[in-house]
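Asker: Below you will find the structure I want to go over with you.
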Amino acid sequence: MSRRSGCSNFRMSEDVLNGKNQDMTTPSRDERFLGHIREAVRERRKGSHAIFDFSATVGENYESKRYGLMVTWALRDPFFPLSLFEKHYMGPSAETGLKTAALAQQLALFCRMFIRIRTDIDRYFHNSDVTCIDLDGDGDQDVFRDQWCSLCGVCCQLTGTVPDPPRPVRYPGYWYAWLAGDGPVLQKFCPFLFELPRKALYFCAIHHVKPETCRAYGREDCLKNHPGMARV
Ligand code: SF4
Ligand code: SF4
């Protein structure tokens with residue numbers, strides 16, 4: 001495995017840590033939590049997988065250090081879709097209306113889902129050939145781009161899809177519910193949608209065994225429903 005996991009050189013934003021540009025006041029617990037997530041998104045986009053230890057921050061919002069450590073583990077993964085979490089749960093267009101403690105809970109639950117999916121993808125379908133990205137590789141690997149799909153991920157930011165695997169594939173039992181949007185989180189995007197943060201690309205983590213409904217979604221559907229997203 002070549003996932004990067006160092007954390008020694010992560011440097012929190014001085015503004016966030018010191019409360020600068022915030023009327024010189026100490027950031028509240030809520031501000032610190034949101035600041036940590038946004039900082040992590042920026043660090044991941046720069047290619048830094050050295051992620052601050054979120055355990056204390058998330059733990060104090062979610063009451064459990066164990067969940068904080070789980071978040072830390074997930075955020076170190078090169079394919080964790082943190083920018084989608086920020087966009088859909090924290091961004092200006094987010095409609096969740098969740099307070100920080102609830103946001104932290106959603107993040108912790110989503111991290112637990114991600115880790116479980118990640119583990120079972122390798123167990124049942126093998127990391128190296130289940131999708132167009134080598135899930136044993138790192139976030140800087142070359143991506144096959146000779147195709148019409150731009151890997152923008154927009155069409156997979158939905159609350160659920162039909163969990164109909166291609167024959168003779170069978171999914172782990174819980175995948176059917178999670179694909180359908182019946183997982184433990186308030187679903188805003190498919191939990192099988194992974195991210196390449198540095199390239200700002202998104203890909204289906206089970207592309208070669210994804211549901212028939214997803215396989216049937218073709219270029220014409222994309223052009224009609226998401227004009228401008230496909231490569232010409
Ligand atoms: S919206 Fe179109 S271009 Fe973007 S990921 Fe979906 S199919 Fe590909
Ligand atoms: S299973 Fe894959 S293709 Fe289907 S919605 Fe989820 S991420 Fe998209």
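Just remember, in the structure tokens the first chain shown is A, the second B, etc., residues are 1-based per chain, and ligands are 1-based in the order shown.
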Give me, as a VMD selection string, all polymer residues having an atom no more than 10 Å from segment 147-162 of chain A, counting only C-alpha atoms and skipping those fewer than 4 positions away in the same chain.
Answerer: chain A and resid 84 88 143 176 to 183 186 to 196 200 to 204 211 to 214 217 to 219 221 to 222 225 to 226 228 to 232
Asker: List the neighbours of segment 108-113 of chain A out to 6 Å using only C-alpha atoms; skip same-chain residues closer than 4 positions along the sequence, and give me the result as an MDAnalysis selection string.
Answerer: chainID A and resid 67 71 74
Asker: Nearest to ligand 2: which of A:Asp164, A:Asp122, A:Glu31, A:Glu86 is it, counting only C-alpha atoms and all ligand atoms?
Answerer: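 With only C-alpha atoms and all ligand atoms as the atom set, the closest residue is A:Asp164.
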Asker: Which is closer to Trp175 of chain A than all the others in A:Glu220, A:Gln141, A:Arg198, A:Arg118, using only C-alpha atoms?
Answerer: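 Under the stated criterion, the closest residue is A:Arg118.
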Asker: Taking into account only C-alpha atoms and all ligand atoms, which residue in the set A:Pro166, A:Arg145, A:Val185, A:Tyr171 is nearest to ligand 1?
Answerer: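 Using only C-alpha atoms and all ligand atoms, the shortest distance to ligand 1 belongs to A:Arg145.
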Asker: Taking the DSSP secondary structure from the backbone, can you list the residues of segment 46-223 of chain A that are strand (DSSP E), as a PyMOL selection string?
Answerer: chain A and resi 193-196+201-204
Asker: A:Pro197, A:Ala216, A:Arg32, A:Thr72: which is nearest ligand 2, counting only C-alpha atoms and all ligand atoms?
Answerer: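 Among the listed residues, A:Ala216 lies closest to ligand 2.
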Asker: Give the answer as one residue: which of A:Cys132, A:Gly139, A:Met90, A:Leu75 has the shortest atom-to-atom distance to ligand 2, using only C-alpha atoms and all ligand atoms?
Answerer: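 Closest residue, counting only C-alpha atoms and all ligand atoms: A:Cys132.
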Asker: Among segment 137-208 of chain A, which residues does DSSP mark as helix (DSSP H, G or I) when it is run on the backbone? Keep the chain and numbering as in the structure and answer as a list in words.
Answerer: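 Matching residues, listed in order: Val154, Cys155, Cys156, Gly173, Tyr174, Trp175, Tyr176, Ala177, Trp178, Leu179, Pro197, Arg198, Lys199, His207 and His208 of chain A.
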Asker: Now that the selection is made, can you save its residues with C-alpha atoms as a PDB file, in the first residue's frame?
Answerer:
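Dumped everything to out17.pdb:
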```pdb
ATOM      1  CA  VAL A 154     -21.679  15.933 -10.925  1.00  0.00           C
ATOM      2  CA  CYS A 155     -24.019  13.139 -11.991  1.00  0.00           C
ATOM      3  CA  CYS A 156     -23.131  11.099  -8.888  1.00  0.00           C
ATOM      4  CA  GLY A 173     -25.385  -6.709   1.744  1.00  0.00           C
ATOM      5  CA  TYR A 174     -25.188  -3.185   3.108  1.00  0.00           C
ATOM      6  CA  TRP A 175     -24.112  -1.754  -0.288  1.00  0.00           C
ATOM      7  CA  TYR A 176     -27.678  -2.129  -1.585  1.00  0.00           C
ATOM      8  CA  ALA A 177     -29.000   0.210   1.080  1.00  0.00           C
ATOM      9  CA  TRP A 178     -26.120   2.663   0.861  1.00  0.00           C
ATOM     10  CA  LEU A 179     -26.324   2.883  -2.949  1.00  0.00           C
ATOM     11  CA  PRO A 197      -8.103  16.100  -4.690  1.00  0.00           C
ATOM     12  CA  ARG A 198      -5.013  17.409  -6.436  1.00  0.00           C
ATOM     13  CA  LYS A 199      -6.531  16.890  -9.864  1.00  0.00           C
ATOM     14  CA  HIS A 207     -16.725   1.577 -11.841  1.00  0.00           C
ATOM     15  CA  HIS A 208     -16.282  -1.929 -13.286  1.00  0.00           C
TER      16      HIS A 208
END
```
